[in-house]
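Undergrad: I am sharing model10.cif, which consists of mmCIF, N, CA, C and O atoms:
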data_coords
loop_
_atom_site.group_PDB
_atom_site.id
_atom_site.type_symbol
_atom_site.label_atom_id
_atom_site.label_comp_id
_atom_site.auth_asym_id
_atom_site.auth_seq_id
_atom_site.Cartn_x
_atom_site.Cartn_y
_atom_site.Cartn_z
ATOM 1 N N MET Q 1 0.845 -1.181 0.000
ATOM 2 C CA MET Q 1 0.000 0.000 0.000
ATOM 3 C C MET Q 1 0.890 1.244 0.000
ATOM 4 O O MET Q 1 1.834 1.349 0.770
ATOM 5 N N VAL Q 2 0.586 2.210 -0.867
ATOM 6 C CA VAL Q 2 1.347 3.444 -0.975
ATOM 7 C C VAL Q 2 0.612 4.548 -0.233
ATOM 8 O O VAL Q 2 -0.576 4.786 -0.469
ATOM 9 N N GLU Q 3 1.337 5.206 0.667
ATOM 10 C CA GLU Q 3 0.754 6.303 1.425
ATOM 11 C C GLU Q 3 0.816 7.575 0.592
ATOM 12 O O GLU Q 3 1.867 7.937 0.067
ATOM 13 N N GLU Q 4 -0.309 8.251 0.439
ATOM 14 C CA GLU Q 4 -0.339 9.508 -0.303
ATOM 15 C C GLU Q 4 0.063 10.643 0.632
ATOM 16 O O GLU Q 4 -0.526 10.831 1.698
ATOM 17 N N LEU Q 5 1.089 11.384 0.234
ATOM 18 C CA LEU Q 5 1.578 12.496 1.036
ATOM 19 C C LEU Q 5 0.884 13.782 0.630
ATOM 20 O O LEU Q 5 0.515 13.960 -0.533
ATOM 21 N N PRO Q 6 0.729 14.706 1.574
ATOM 22 C CA PRO Q 6 0.160 16.004 1.202
ATOM 23 C C PRO Q 6 1.157 16.749 0.311
ATOM 24 O O PRO Q 6 2.358 16.492 0.379
ATOM 25 N N PRO Q 7 0.694 17.658 -0.525
ATOM 26 C CA PRO Q 7 1.609 18.413 -1.392
ATOM 27 C C PRO Q 7 2.676 19.135 -0.576
ATOM 28 O O PRO Q 7 2.367 19.789 0.420
ATOM 29 N N GLN Q 8 3.922 18.993 -1.019
ATOM 30 C CA GLN Q 8 5.059 19.558 -0.293
ATOM 31 C C GLN Q 8 5.823 20.539 -1.169
ATOM 32 O O GLN Q 8 5.743 20.500 -2.397
ATOM 33 N N CYS Q 9 6.606 21.362 -0.527
ATOM 34 C CA CYS Q 9 7.467 22.333 -1.184
ATOM 35 C C CYS Q 9 8.426 21.619 -2.140
ATOM 36 O O CYS Q 9 8.918 20.533 -1.842
ATOM 37 N N SER Q 10 8.706 22.246 -3.283
ATOM 38 C CA SER Q 10 9.605 21.687 -4.286
ATOM 39 C C SER Q 10 11.079 21.958 -4.005
ATOM 40 O O SER Q 10 11.944 21.431 -4.706
ATOM 41 N N ALA Q 11 11.389 22.774 -2.999
ATOM 42 C CA ALA Q 11 12.785 23.058 -2.678
ATOM 43 C C ALA Q 11 13.478 21.786 -2.197
ATOM 44 O O ALA Q 11 12.887 20.990 -1.453
ATOM 45 N N LYS Q 12 14.726 21.616 -2.626
ATOM 46 C CA LYS Q 12 15.482 20.413 -2.279
ATOM 47 C C LYS Q 12 15.544 20.215 -0.765
ATOM 48 O O LYS Q 12 15.945 21.111 -0.030
ATOM 49 N N GLY Q 13 15.115 19.047 -0.321
ATOM 50 C CA GLY Q 13 15.184 18.684 1.089
ATOM 51 C C GLY Q 13 14.067 19.240 1.961
ATOM 52 O O GLY Q 13 13.981 18.909 3.135
ATOM 53 N N CYS Q 14 13.214 20.088 1.414
ATOM 54 C CA CYS Q 14 12.137 20.684 2.211
ATOM 55 C C CYS Q 14 10.927 19.758 2.210
ATOM 56 O O CYS Q 14 10.521 19.242 1.175
ATOM 57 N N ARG Q 15 10.342 19.563 3.366
ATOM 58 C CA ARG Q 15 9.155 18.720 3.497
ATOM 59 C C ARG Q 15 7.949 19.508 4.006
ATOM 60 O O ARG Q 15 6.945 18.947 4.405
ATOM 61 N N ALA Q 16 8.069 20.842 3.978
ATOM 62 C CA ALA Q 16 6.982 21.698 4.456
ATOM 63 C C ALA Q 16 5.796 21.644 3.500
ATOM 64 O O ALA Q 16 5.952 21.365 2.307
ATOM 65 N N SER Q 17 4.639 21.910 4.015
ATOM 66 C CA SER Q 17 3.428 21.930 3.200
ATOM 67 C C SER Q 17 3.489 23.058 2.173
ATOM 68 O O SER Q 17 4.026 24.132 2.440
ATOM 69 N N ALA Q 18 2.925 22.785 1.015
ATOM 70 C CA ALA Q 18 2.881 23.789 -0.055
ATOM 71 C C ALA Q 18 1.901 24.895 0.305
ATOM 72 O O ALA Q 18 0.796 24.636 0.782
ATOM 73 N N ALA Q 19 2.312 26.140 0.087
ATOM 74 C CA ALA Q 19 1.456 27.297 0.311
ATOM 75 C C ALA Q 19 1.318 28.131 -0.964
ATOM 76 O O ALA Q 19 0.383 28.918 -1.088
ATOM 77 N N TRP Q 20 2.242 27.951 -1.906
ATOM 78 C CA TRP Q 20 2.288 28.730 -3.140
ATOM 79 C C TRP Q 20 2.536 27.816 -4.327
ATOM 80 O O TRP Q 20 3.167 26.783 -4.195
ATOM 81 N N GLN Q 21 2.058 28.232 -5.488
ATOM 82 C CA GLN Q 21 2.414 27.540 -6.722
ATOM 83 C C GLN Q 21 3.072 28.546 -7.655
ATOM 84 O O GLN Q 21 2.561 29.649 -7.850
ATOM 85 N N LEU Q 22 4.225 28.159 -8.175
ATOM 86 C CA LEU Q 22 4.975 28.986 -9.095
ATOM 87 C C LEU Q 22 4.789 28.399 -10.487
ATOM 88 O O LEU Q 22 5.189 27.257 -10.737
ATOM 89 N N LEU Q 23 4.159 29.149 -11.353
ATOM 90 C CA LEU Q 23 3.862 28.687 -12.701
ATOM 91 C C LEU Q 23 4.941 29.221 -13.631
ATOM 92 O O LEU Q 23 5.246 30.418 -13.621
ATOM 93 N N TRP Q 24 5.514 28.323 -14.429
ATOM 94 C CA TRP Q 24 6.640 28.704 -15.260
ATOM 95 C C TRP Q 24 6.679 27.890 -16.545
ATOM 96 O O TRP Q 24 5.971 26.909 -16.680
ATOM 97 N N ASN Q 25 7.518 28.348 -17.462
ATOM 98 C CA ASN Q 25 7.836 27.547 -18.632
ATOM 99 C C ASN Q 25 9.194 27.957 -19.179
ATOM 100 O O ASN Q 25 9.679 29.061 -18.927
ATOM 101 N N ASN Q 26 9.808 27.038 -19.883
ATOM 102 C CA ASN Q 26 11.070 27.294 -20.550
ATOM 103 C C ASN Q 26 10.730 27.544 -22.018
ATOM 104 O O ASN Q 26 10.339 26.621 -22.727
ATOM 105 N N PRO Q 27 10.873 28.777 -22.485
ATOM 106 C CA PRO Q 27 10.454 29.080 -23.854
ATOM 107 C C PRO Q 27 11.227 28.314 -24.932
ATOM 108 O O PRO Q 27 10.753 28.193 -26.053
ATOM 109 N N LYS Q 28 12.376 27.778 -24.596
ATOM 110 C CA LYS Q 28 13.129 26.967 -25.563
ATOM 111 C C LYS Q 28 12.529 25.571 -25.716
ATOM 112 O O LYS Q 28 12.781 24.887 -26.699
ATOM 113 N N LEU Q 29 11.743 25.143 -24.718
ATOM 114 C CA LEU Q 29 11.169 23.799 -24.728
ATOM 115 C C LEU Q 29 9.655 23.766 -24.831
ATOM 116 O O LEU Q 29 9.087 22.787 -25.311
ATOM 117 N N HIS Q 30 8.982 24.802 -24.345
ATOM 118 C CA HIS Q 30 7.525 24.785 -24.217
ATOM 119 C C HIS Q 30 6.862 25.860 -25.060
ATOM 120 O O HIS Q 30 7.443 26.921 -25.299
ATOM 121 N N THR Q 31 5.630 25.602 -25.457
ATOM 122 C CA THR Q 31 4.842 26.623 -26.128
ATOM 123 C C THR Q 31 4.514 27.734 -25.131
ATOM 124 O O THR Q 31 4.517 27.498 -23.915
ATOM 125 N N PRO Q 32 4.230 28.951 -25.597
ATOM 126 C CA PRO Q 32 4.004 30.074 -24.677
ATOM 127 C C PRO Q 32 2.896 29.853 -23.653
ATOM 128 O O PRO Q 32 2.989 30.341 -22.527
ATOM 129 N N GLU Q 33 1.848 29.125 -24.011
ATOM 130 C CA GLU Q 33 0.736 28.927 -23.071
ATOM 131 C C GLU Q 33 0.953 27.784 -22.087
ATOM 132 O O GLU Q 33 0.241 27.671 -21.090
ATOM 133 N N TYR Q 34 1.927 26.929 -22.323
ATOM 134 C CA TYR Q 34 2.193 25.785 -21.451
ATOM 135 C C TYR Q 34 2.750 26.262 -20.111
ATOM 136 O O TYR Q 34 3.569 27.176 -20.071
ATOM 137 N N ARG Q 35 2.315 25.639 -19.014
ATOM 138 C CA ARG Q 35 2.819 25.983 -17.681
ATOM 139 C C ARG Q 35 3.206 24.724 -16.917
ATOM 140 O O ARG Q 35 2.462 23.748 -16.869
ATOM 141 N N LYS Q 36 4.377 24.784 -16.323
ATOM 142 C CA LYS Q 36 4.802 23.776 -15.361
ATOM 143 C C LYS Q 36 4.578 24.401 -13.989
ATOM 144 O O LYS Q 36 4.495 25.620 -13.866
ATOM 145 N N THR Q 37 4.492 23.580 -12.956
ATOM 146 C CA THR Q 37 4.209 24.083 -11.614
ATOM 147 C C THR Q 37 5.219 23.557 -10.611
ATOM 148 O O THR Q 37 5.484 22.364 -10.560
ATOM 149 N N TRP Q 38 5.792 24.464 -9.854
ATOM 150 C CA TRP Q 38 6.553 24.107 -8.662
ATOM 151 C C TRP Q 38 5.744 24.583 -7.474
ATOM 152 O O TRP Q 38 5.123 25.655 -7.521
ATOM 153 N N LEU Q 39 5.771 23.813 -6.413
ATOM 154 C CA LEU Q 39 5.107 24.213 -5.173
ATOM 155 C C LEU Q 39 6.149 24.776 -4.219
ATOM 156 O O LEU Q 39 7.301 24.338 -4.223
ATOM 157 N N ALA Q 40 5.741 25.727 -3.391
ATOM 158 C CA ALA Q 40 6.668 26.342 -2.443
ATOM 159 C C ALA Q 40 5.990 26.584 -1.106
ATOM 160 O O ALA Q 40 4.795 26.905 -1.057
ATOM 161 N N CYS Q 41 6.771 26.438 -0.043
ATOM 162 C CA CYS Q 41 6.312 26.846 1.284
ATOM 163 C C CYS Q 41 6.590 28.349 1.398
ATOM 164 O O CYS Q 41 7.216 28.954 0.521
ATOM 165 N N ASP Q 42 6.143 28.961 2.491
ATOM 166 C CA ASP Q 42 6.387 30.394 2.677
ATOM 167 C C ASP Q 42 7.881 30.712 2.683
ATOM 168 O O ASP Q 42 8.301 31.718 2.124
ATOM 169 N N GLU Q 43 8.682 29.847 3.290
ATOM 170 C CA GLU Q 43 10.128 30.085 3.413
ATOM 171 C C GLU Q 43 10.843 30.055 2.062
ATOM 172 O O GLU Q 43 11.795 30.809 1.840
ATOM 173 N N HIS Q 44 10.413 29.200 1.143
ATOM 174 C CA HIS Q 44 11.129 29.032 -0.125
ATOM 175 C C HIS Q 44 10.476 29.719 -1.324
ATOM 176 O O HIS Q 44 10.990 29.625 -2.437
ATOM 177 N N ARG Q 45 9.381 30.408 -1.102
ATOM 178 C CA ARG Q 45 8.697 31.076 -2.219
ATOM 179 C C ARG Q 45 9.633 32.041 -2.948
ATOM 180 O O ARG Q 45 9.713 32.039 -4.173
ATOM 181 N N VAL Q 46 10.357 32.850 -2.214
ATOM 182 C CA VAL Q 46 11.221 33.859 -2.826
ATOM 183 C C VAL Q 46 12.418 33.218 -3.519
ATOM 184 O O VAL Q 46 12.741 33.569 -4.659
ATOM 185 N N SER Q 47 13.072 32.251 -2.881
ATOM 186 C CA SER Q 47 14.275 31.659 -3.492
ATOM 187 C C SER Q 47 13.942 30.845 -4.744
ATOM 188 O O SER Q 47 14.657 30.925 -5.752
ATOM 189 N N LEU Q 48 12.857 30.080 -4.716
ATOM 190 C CA LEU Q 48 12.461 29.341 -5.914
ATOM 191 C C LEU Q 48 12.030 30.307 -7.022
ATOM 192 O O LEU Q 48 12.372 30.117 -8.196
ATOM 193 N N GLY Q 49 11.316 31.344 -6.652
ATOM 194 C CA GLY Q 49 10.910 32.347 -7.631
ATOM 195 C C GLY Q 49 12.099 33.071 -8.235
ATOM 196 O O GLY Q 49 12.133 33.330 -9.444
ATOM 197 N N ALA Q 50 13.095 33.387 -7.416
ATOM 198 C CA ALA Q 50 14.294 34.068 -7.914
ATOM 199 C C ALA Q 50 15.062 33.179 -8.894
ATOM 200 O O ALA Q 50 15.583 33.657 -9.904
ATOM 201 N N PHE Q 51 15.130 31.885 -8.604
ATOM 202 C CA PHE Q 51 15.789 30.938 -9.506
ATOM 203 C C PHE Q 51 15.115 30.952 -10.875
ATOM 204 O O PHE Q 51 15.780 31.025 -11.919
ATOM 205 N N LEU Q 52 13.787 30.873 -10.882
ATOM 206 C CA LEU Q 52 13.047 30.871 -12.148
ATOM 207 C C LEU Q 52 13.107 32.230 -12.833
ATOM 208 O O LEU Q 52 13.258 32.313 -14.060
ATOM 209 N N GLU Q 53 13.003 33.297 -12.071
ATOM 210 C CA GLU Q 53 13.023 34.645 -12.628
ATOM 211 C C GLU Q 53 14.373 34.966 -13.273
ATOM 212 O O GLU Q 53 14.427 35.604 -14.324
ATOM 213 N N ALA Q 54 15.466 34.501 -12.689
ATOM 214 C CA ALA Q 54 16.801 34.750 -13.241
ATOM 215 C C ALA Q 54 16.945 34.155 -14.636
ATOM 216 O O ALA Q 54 17.770 34.616 -15.436
ATOM 217 N N ARG Q 55 16.159 33.156 -14.938
ATOM 218 C CA ARG Q 55 16.187 32.492 -16.245
ATOM 219 C C ARG Q 55 15.042 32.944 -17.148
ATOM 220 O O ARG Q 55 14.833 32.406 -18.219
ATOM 221 N N SER Q 56 14.262 33.908 -16.662
ATOM 222 C CA SER Q 56 13.072 34.416 -17.367
ATOM 223 C C SER Q 56 12.035 33.322 -17.601
ATOM 224 O O SER Q 56 11.325 33.325 -18.607
ATOM 225 N N PHE Q 57 11.939 32.372 -16.657
ATOM 226 C CA PHE Q 57 10.982 31.275 -16.757
ATOM 227 C C PHE Q 57 9.691 31.555 -15.981
ATOM 228 O O PHE Q 57 8.645 31.033 -16.324
ATOM 229 N N LEU Q 58 9.770 32.343 -14.911
ATOM 230 C CA LEU Q 58 8.624 32.547 -14.025
ATOM 231 C C LEU Q 58 7.532 33.342 -14.731
ATOM 232 O O LEU Q 58 7.797 34.399 -15.309
ATOM 233 N N LYS Q 59 6.313 32.823 -14.700
ATOM 234 C CA LYS Q 59 5.174 33.484 -15.327
ATOM 235 C C LYS Q 59 4.184 34.028 -14.306
ATOM 236 O O LYS Q 59 3.608 35.082 -14.504
ATOM 237 N N GLU Q 60 3.974 33.288 -13.197
ATOM 238 C CA GLU Q 60 2.962 33.695 -12.226
ATOM 239 C C GLU Q 60 3.180 32.960 -10.906
ATOM 240 O O GLU Q 60 3.610 31.815 -10.901
ATOM 241 N N VAL Q 61 2.864 33.631 -9.799
ATOM 242 C CA VAL Q 61 2.878 33.013 -8.471
ATOM 243 C C VAL Q 61 1.488 33.197 -7.883
ATOM 244 O O VAL Q 61 0.969 34.319 -7.828
ATOM 245 N N THR Q 62 0.874 32.087 -7.464
ATOM 246 C CA THR Q 62 -0.468 32.134 -6.894
ATOM 247 C C THR Q 62 -0.517 31.294 -5.624
ATOM 248 O O THR Q 62 0.276 30.364 -5.465
ATOM 249 N N PRO Q 63 -1.448 31.591 -4.725
ATOM 250 C CA PRO Q 63 -1.601 30.744 -3.538
ATOM 251 C C PRO Q 63 -1.967 29.319 -3.954
ATOM 252 O O PRO Q 63 -2.702 29.116 -4.925
ATOM 253 N N PHE Q 64 -1.442 28.356 -3.238
ATOM 254 C CA PHE Q 64 -1.782 26.955 -3.484
ATOM 255 C C PHE Q 64 -2.935 26.589 -2.576
ATOM 256 O O PHE Q 64 -2.847 26.735 -1.361
ATOM 257 N N VAL Q 65 -4.030 26.127 -3.155
ATOM 258 C CA VAL Q 65 -5.217 25.774 -2.388
ATOM 259 C C VAL Q 65 -5.307 24.272 -2.212
ATOM 260 O O VAL Q 65 -5.392 23.761 -1.103
ATOM 261 N N SER Q 66 -5.290 23.534 -3.318
ATOM 262 C CA SER Q 66 -5.366 22.075 -3.245
ATOM 263 C C SER Q 66 -4.754 21.479 -4.511
ATOM 264 O O SER Q 66 -4.617 22.155 -5.522
ATOM 265 N N SER Q 67 -4.432 20.200 -4.453
ATOM 266 C CA SER Q 67 -3.825 19.545 -5.610
ATOM 267 C C SER Q 67 -4.799 19.440 -6.782
ATOM 268 O O SER Q 67 -4.373 19.302 -7.914
ATOM 269 N N GLU Q 68 -6.089 19.530 -6.536
ATOM 270 C CA GLU Q 68 -7.057 19.509 -7.630
ATOM 271 C C GLU Q 68 -6.969 20.799 -8.453
ATOM 272 O O GLU Q 68 -7.301 20.821 -9.618
ATOM 273 N N ASP Q 69 -6.505 21.895 -7.817
ATOM 274 C CA ASP Q 69 -6.428 23.188 -8.495
ATOM 275 C C ASP Q 69 -5.099 23.403 -9.211
ATOM 276 O O ASP Q 69 -4.944 24.355 -9.946
ATOM 277 N N ALA Q 70 -4.131 22.532 -8.963
ATOM 278 C CA ALA Q 70 -2.801 22.715 -9.560
ATOM 279 C C ALA Q 70 -2.430 21.520 -10.407
ATOM 280 O O ALA Q 70 -2.668 20.390 -10.042
ATOM 281 N N GLY Q 71 -1.835 21.800 -11.524
ATOM 282 C CA GLY Q 71 -1.274 20.740 -12.365
ATOM 283 C C GLY Q 71 0.183 20.597 -12.024
ATOM 284 O O GLY Q 71 1.032 21.141 -12.719
ATOM 285 N N VAL Q 72 0.500 19.942 -10.954
ATOM 286 C CA VAL Q 72 1.881 19.857 -10.473
ATOM 287 C C VAL Q 72 2.718 19.045 -11.442
ATOM 288 O O VAL Q 72 2.351 17.950 -11.840
ATOM 289 N N SER Q 73 3.867 19.628 -11.806
ATOM 290 C CA SER Q 73 4.790 18.957 -12.704
ATOM 291 C C SER Q 73 6.215 19.210 -12.293
ATOM 292 O O SER Q 73 6.530 20.129 -11.608
#
Represent the supplied structure as structure tokens.
TA:
Amino acid sequence: MVEELPPQCSAKGCRASAAWQLLWNNPKLHTPEYRKTWLACDEHRVSLGAFLEARSFLKEVTPFVSSEDAGVS
């Protein structure tokens, strides 16, 4: 039996609950409307966003409500 874990922050080694979703895409790989999603806790929202923003990948940051509302990738 596999235990389903609650959505967690995407930062390496972080196991905190997700509070934010960072929507992004790599324009060299994805069409303009395509979005990938990273989840972030309050502590890692800025650092994960800065990583994506430095590469011009970050498109939007929104509160994370539930896994049904996010296409986590």
Undergrad: Just checking: using only C-alpha atoms, which residue out of Q:Ala18, Q:Leu29, Q:Ala40, Q:Leu58 ends up closest to Q:Leu5?
TA: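 Looking at the shortest contact to Q:Leu5, the residue is Q:Ala18.
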Undergrad: Nearest residue to Q:Lys59 out of Q:Cys41, Q:Val2, Q:Leu23, Q:Val46, using all atoms listed in the file?
TA: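 Residue with the minimum atom-to-atom distance to Q:Lys59: Q:Leu23.
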Undergrad: Run the PyMOL selection byres ((chain Q and resi 24) around 5) on the file and write out the hits as a list of chain:residue names.
TA: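 Answer for the PyMOL selection byres ((chain Q and resi 24) around 5): Q:Leu22, Q:Leu23, Q:Asn25, Q:Asn26, Q:Tyr34, Q:Arg35, Q:Lys36, Q:Phe57, Q:Leu58, Q:Lys59.
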Undergrad: Could you state the separation of atom C of Q:Glu60 and atom N of Q:Glu4 in Å, given to one decimal place?
TA: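 We find that atom C of Q:Glu60 and atom N of Q:Glu4 lie 27.4 Å from each other.
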Undergrad: Quick one: everything within 7 Å of Q:Phe64, counting all atoms listed in the file, minus sequence neighbours fewer than 2 positions away in the same chain. Send it as an MDAnalysis selection string.
TA: chainID Q and resid 18:21 40 62 66:67
Undergrad: Can you list, as a list in words, all residues belonging to chain Q that DSSP tags as strand (DSSP E)?
TA: Trp20, Gln21, Leu22, Leu23, Trp24, Lys36, Thr37, Trp38, Leu39, Ala40, Leu58, Lys59, Glu60, Val61, Thr62 and Pro63 of chain Q
Undergrad: Hey, can you check how far atom C of Q:His44 sits from atom O of Q:Pro32?
TA: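 Those two atoms sit 22.5 Å apart.
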Undergrad: Quick check on the file I pasted: which residues fall under the PyMOL selection byres ((chain Q and resi 11-14) around 7)? Write them as a PyMOL selection string.
TA: chain Q and resi 8-10+15-17+39-41+44
Undergrad: Dump N, CA, C and O atoms for the selected residues as a PDB file, keeping the file's coordinate frame?
TA:
ATOM      1  N   GLN Q   8       3.922  18.993  -1.019  1.00  0.00           N
ATOM      2  CA  GLN Q   8       5.059  19.558  -0.293  1.00  0.00           C
ATOM      3  C   GLN Q   8       5.823  20.539  -1.169  1.00  0.00           C
ATOM      4  O   GLN Q   8       5.743  20.500  -2.397  1.00  0.00           O
ATOM      5  N   CYS Q   9       6.606  21.362  -0.527  1.00  0.00           N
ATOM      6  CA  CYS Q   9       7.467  22.333  -1.184  1.00  0.00           C
ATOM      7  C   CYS Q   9       8.426  21.619  -2.140  1.00  0.00           C
ATOM      8  O   CYS Q   9       8.918  20.533  -1.842  1.00  0.00           O
ATOM      9  N   SER Q  10       8.706  22.246  -3.283  1.00  0.00           N
ATOM     10  CA  SER Q  10       9.605  21.687  -4.286  1.00  0.00           C
ATOM     11  C   SER Q  10      11.079  21.958  -4.005  1.00  0.00           C
ATOM     12  O   SER Q  10      11.944  21.431  -4.706  1.00  0.00           O
ATOM     13  N   ARG Q  15      10.342  19.563   3.366  1.00  0.00           N
ATOM     14  CA  ARG Q  15       9.155  18.720   3.497  1.00  0.00           C
ATOM     15  C   ARG Q  15       7.949  19.508   4.006  1.00  0.00           C
ATOM     16  O   ARG Q  15       6.945  18.947   4.405  1.00  0.00           O
ATOM     17  N   ALA Q  16       8.069  20.842   3.978  1.00  0.00           N
ATOM     18  CA  ALA Q  16       6.982  21.698   4.456  1.00  0.00           C
ATOM     19  C   ALA Q  16       5.796  21.644   3.500  1.00  0.00           C
ATOM     20  O   ALA Q  16       5.952  21.365   2.307  1.00  0.00           O
ATOM     21  N   SER Q  17       4.639  21.910   4.015  1.00  0.00           N
ATOM     22  CA  SER Q  17       3.428  21.930   3.200  1.00  0.00           C
ATOM     23  C   SER Q  17       3.489  23.058   2.173  1.00  0.00           C
ATOM     24  O   SER Q  17       4.026  24.132   2.440  1.00  0.00           O
ATOM     25  N   LEU Q  39       5.771  23.813  -6.413  1.00  0.00           N
ATOM     26  CA  LEU Q  39       5.107  24.213  -5.173  1.00  0.00           C
ATOM     27  C   LEU Q  39       6.149  24.776  -4.219  1.00  0.00           C
ATOM     28  O   LEU Q  39       7.301  24.338  -4.223  1.00  0.00           O
ATOM     29  N   ALA Q  40       5.741  25.727  -3.391  1.00  0.00           N
ATOM     30  CA  ALA Q  40       6.668  26.342  -2.443  1.00  0.00           C
ATOM     31  C   ALA Q  40       5.990  26.584  -1.106  1.00  0.00           C
ATOM     32  O   ALA Q  40       4.795  26.905  -1.057  1.00  0.00           O
ATOM     33  N   CYS Q  41       6.771  26.438  -0.043  1.00  0.00           N
ATOM     34  CA  CYS Q  41       6.312  26.846   1.284  1.00  0.00           C
ATOM     35  C   CYS Q  41       6.590  28.349   1.398  1.00  0.00           C
ATOM     36  O   CYS Q  41       7.216  28.954   0.521  1.00  0.00           O
ATOM     37  N   HIS Q  44      10.413  29.200   1.143  1.00  0.00           N
ATOM     38  CA  HIS Q  44      11.129  29.032  -0.125  1.00  0.00           C
ATOM     39  C   HIS Q  44      10.476  29.719  -1.324  1.00  0.00           C
ATOM     40  O   HIS Q  44      10.990  29.625  -2.437  1.00  0.00           O
TER      41      HIS Q  44
END
Undergrad: Which residues in chain Q does DSSP call helix (DSSP H, G or I)? List them as a ChimeraX atom specification.
TA: /Q:45-54
Undergrad: Quote the spacing between atom CA of Q:Glu53 and atom CA of Q:His30 in Å to one decimal place.
TA: 16.2 Å
Undergrad: Give the centre and edge lengths of an axis-aligned box, in Å to one decimal, that holds all listed atoms of stretch 4-15 of chain Q with 5 Å on each side, as lines of an AutoDock Vina configuration file.
TA:
center_x = 7.7
center_y = 15.7
center_z = -0.2
size_x = 26.5
size_y = 24.8
size_z = 19.1
